[in-house]
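Beneath this line is the structure, given in structure tokens, with notes to follow.
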Amino acid sequence: MACPSALDAPVALPPNFGLVGKEAAQFAHLIHGFDAFLAAYAPQARALVSFDIDGTLACINARLALAPGQRRRGEQQLRRTAADWDTVLAGEHYHLDEPIEAARKYVTAVAEGGVAAVAEGEGAVAIVYLSGRRAGTEQQTREWFERHGFPPGFVLHRAKGLDSRRFKRVSLGLLRRRMDHVLAHFGDRPADDGCSALAAGVRPVVVLPNEWVGARHIHGGLAATAEQAYVPLPHMQRRGSGDSVQRDELDALRRCHWWAVSYSDLVPLHYAAKAEGAPGAGAGAGAADGTGSSGGGGAMADGVQKRPRPRSAKKASAGGGAKRPRRCSPEEIEAKRRRALAKLARKAEGVVK
């Protein structure tokens, strides 16, 4: 039996969400689809955990490489056009993604009740896959999950043109009204995932793009991951209002109750990524939703993002340091002085050799 997504049935929405027209219809179908999922797969569930997909559960570097974009003058990251994003977000290309193994094991354990910290006192826990992928490609996503051994979950994708942050904020807010407890939302983007969850009253768990979390990130929580996962959008790399907006959102995370709280109450240490800084980490970081950064910067090693060294520093290290001029002895200096005087004397006589 296939996991349902949004189904065609009217559902009354709370008036305080400000949803009208097509947007209201989409979220009404969301709620009905979620109810159908619960009835089929988790009728006893009283709590849920939400997961982003791209960069959180799936490494999407191969799909991003289909349309790498272009780098503009003064910008470090690649910028993709709308046509590029249509290619990246086409469901026919989801098969190129690779599962992030540590994340897969954790999601499976949560669904099976094997994470005591999550299941304790909550009974069955439902899984929601909340992603900025294009609506209409849910079936390809479910097929990918089944192929790679992920547990059944409610798959929810964003309609083209709908703001990603609003989509996740409203979705999580509506799910909170449907369940007793929305325990957390996991995602690799501090703004889209972290701040959207926070605005919906859900605990944010930010992971490293394409890496999951290592032991030190579990201990450190948001404070250990949000700054490292933050990558400014290409059009925000120069000074301007856009970057200040993202920085304001990071500041909002810093001020929240969860900033200094360890993830260990949700993610036991044995679900940490075994090798922090695995190949491909940071490249193409972030969800492929056409609204975020199209690539991370720098290689990742031991969970720390390396920044390129200045060219002068590279030359110095490659050559063992810049060569210093040899100091002449007093005798050599005197010999040079005498040769210079002799040359001047010959010039005066018109005999220049």
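Letters A, B, ... mark the chains of the structure tokens in the order given; residue numbers begin at 1 per chain; ligand numbers begin at 1, in order shown.
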* **Per-residue DSSP, stretch 116-196 of chain A, filtered to strand (DSSP E), as a VMD selection string** => chain A and resid 125 to 134 154 to 158 181 to 187
* Asked: Out of stretch 144-274 of chain A, which residues get helix (DSSP H, G or I) from DSSP, as a ChimeraX atom specification?
  -> /A:144-147,164-178,190-199,215-220,222-229,234-236,241-255,263-265,269-271
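Residues lying within 12 Å of A:Ala83, counting only C-alpha atoms and ignoring same-chain neighbours fewer than 3 positions away, are Leu66, Ala67, Pro68, Gly69, Arg79, Arg80, Asp86, Thr87, Val88, Leu89, Ala90 and Gly290 of chain A.
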Could those selected residues go to a file with N, CA and C atoms, as an mmCIF file, in the first residue's frame?
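Output file result.cif follows:
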data_model
loop_
_atom_site.group_PDB
_atom_site.id
_atom_site.type_symbol
_atom_site.label_atom_id
_atom_site.label_comp_id
_atom_site.auth_asym_id
_atom_site.auth_seq_id
_atom_site.Cartn_x
_atom_site.Cartn_y
_atom_site.Cartn_z
ATOM 1 N N LEU A 66 23.636 18.167 -12.511
ATOM 2 C CA LEU A 66 22.941 18.206 -13.796
ATOM 3 C C LEU A 66 22.785 19.634 -14.306
ATOM 4 N N ALA A 67 22.701 20.582 -13.388
ATOM 5 C CA ALA A 67 22.555 21.999 -13.751
ATOM 6 C C ALA A 67 23.373 22.809 -12.753
ATOM 7 N N PRO A 68 24.688 22.862 -12.953
ATOM 8 C CA PRO A 68 25.570 23.471 -11.950
ATOM 9 C C PRO A 68 25.428 24.975 -11.802
ATOM 10 N N GLY A 69 24.824 25.651 -12.791
ATOM 11 C CA GLY A 69 24.677 27.098 -12.698
ATOM 12 C C GLY A 69 25.945 27.820 -13.082
ATOM 13 N N ARG A 79 25.138 30.337 -9.130
ATOM 14 C CA ARG A 79 23.750 30.793 -9.119
ATOM 15 C C ARG A 79 22.996 30.066 -10.232
ATOM 16 N N ARG A 80 21.855 29.464 -9.876
ATOM 17 C CA ARG A 80 21.070 28.714 -10.844
ATOM 18 C C ARG A 80 19.880 29.531 -11.330
ATOM 19 N N ASP A 86 14.336 23.778 -12.509
ATOM 20 C CA ASP A 86 13.368 22.841 -13.079
ATOM 21 C C ASP A 86 14.030 21.492 -13.347
ATOM 22 N N THR A 87 15.294 21.533 -13.755
ATOM 23 C CA THR A 87 16.047 20.294 -13.997
ATOM 24 C C THR A 87 16.360 19.590 -12.685
ATOM 25 N N VAL A 88 16.879 20.346 -11.722
ATOM 26 C CA VAL A 88 17.281 19.760 -10.444
ATOM 27 C C VAL A 88 16.084 19.165 -9.701
ATOM 28 N N LEU A 89 14.934 19.821 -9.812
ATOM 29 C CA LEU A 89 13.765 19.403 -9.043
ATOM 30 C C LEU A 89 12.834 18.471 -9.806
ATOM 31 N N ALA A 90 13.264 17.995 -10.958
ATOM 32 C CA ALA A 90 12.453 17.041 -11.716
ATOM 33 C C ALA A 90 12.489 15.683 -11.017
ATOM 34 N N GLY A 290 15.202 25.587 -5.063
ATOM 35 C CA GLY A 290 15.187 26.745 -5.933
ATOM 36 C C GLY A 290 15.162 28.056 -5.192
#
Stretch 65-104 of chain A residues near stretch 209-225 of chain A within 12 Å, closest pair each, using only C-alpha atoms, as a Markdown table:
| residue | atom | partner | partner_atom | distance |
| --- | --- | --- | --- | --- |
| A:Asp97 | CA | A:Asn210 | CA | 10.7 |
| A:Glu98 | CA | A:Asn210 | CA | 9.5 |
| A:Pro99 | CA | A:Asn210 | CA | 9.1 |
| A:Ile100 | CA | A:Asn210 | CA | 6.9 |
| A:Glu101 | CA | A:Trp212 | CA | 8.9 |
| A:Ala102 | CA | A:Trp212 | CA | 6.9 |
| A:Ala103 | CA | A:Trp212 | CA | 6.2 |
| A:Arg104 | CA | A:Trp212 | CA | 9.8 |
Using only C-alpha atoms, what does the table of stretch 37-114 of chain A residues within 10 Å of stretch 193-200 of chain A look like, with each row giving the shortest atom pair and its distance in Å to one decimal, sorted by chain and ascending number, as a Markdown table?
| residue | atom | partner | partner_atom | distance |
| --- | --- | --- | --- | --- |
| A:Ser50 | CA | A:Ala197 | CA | 9.7 |
| A:Phe51 | CA | A:Asp193 | CA | 9.3 |
| A:Asp52 | CA | A:Asp193 | CA | 7.6 |
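The spacing separating atom CA of A:Leu175 from atom CA of A:Val128 amounts to 9.5 Å.
Remark: for A:Tyr41, the closest of the candidate residues A:His95, A:Ile60, A:Leu78, A:Ala124 is A:Ala124 (distances computed over only C-alpha atoms).
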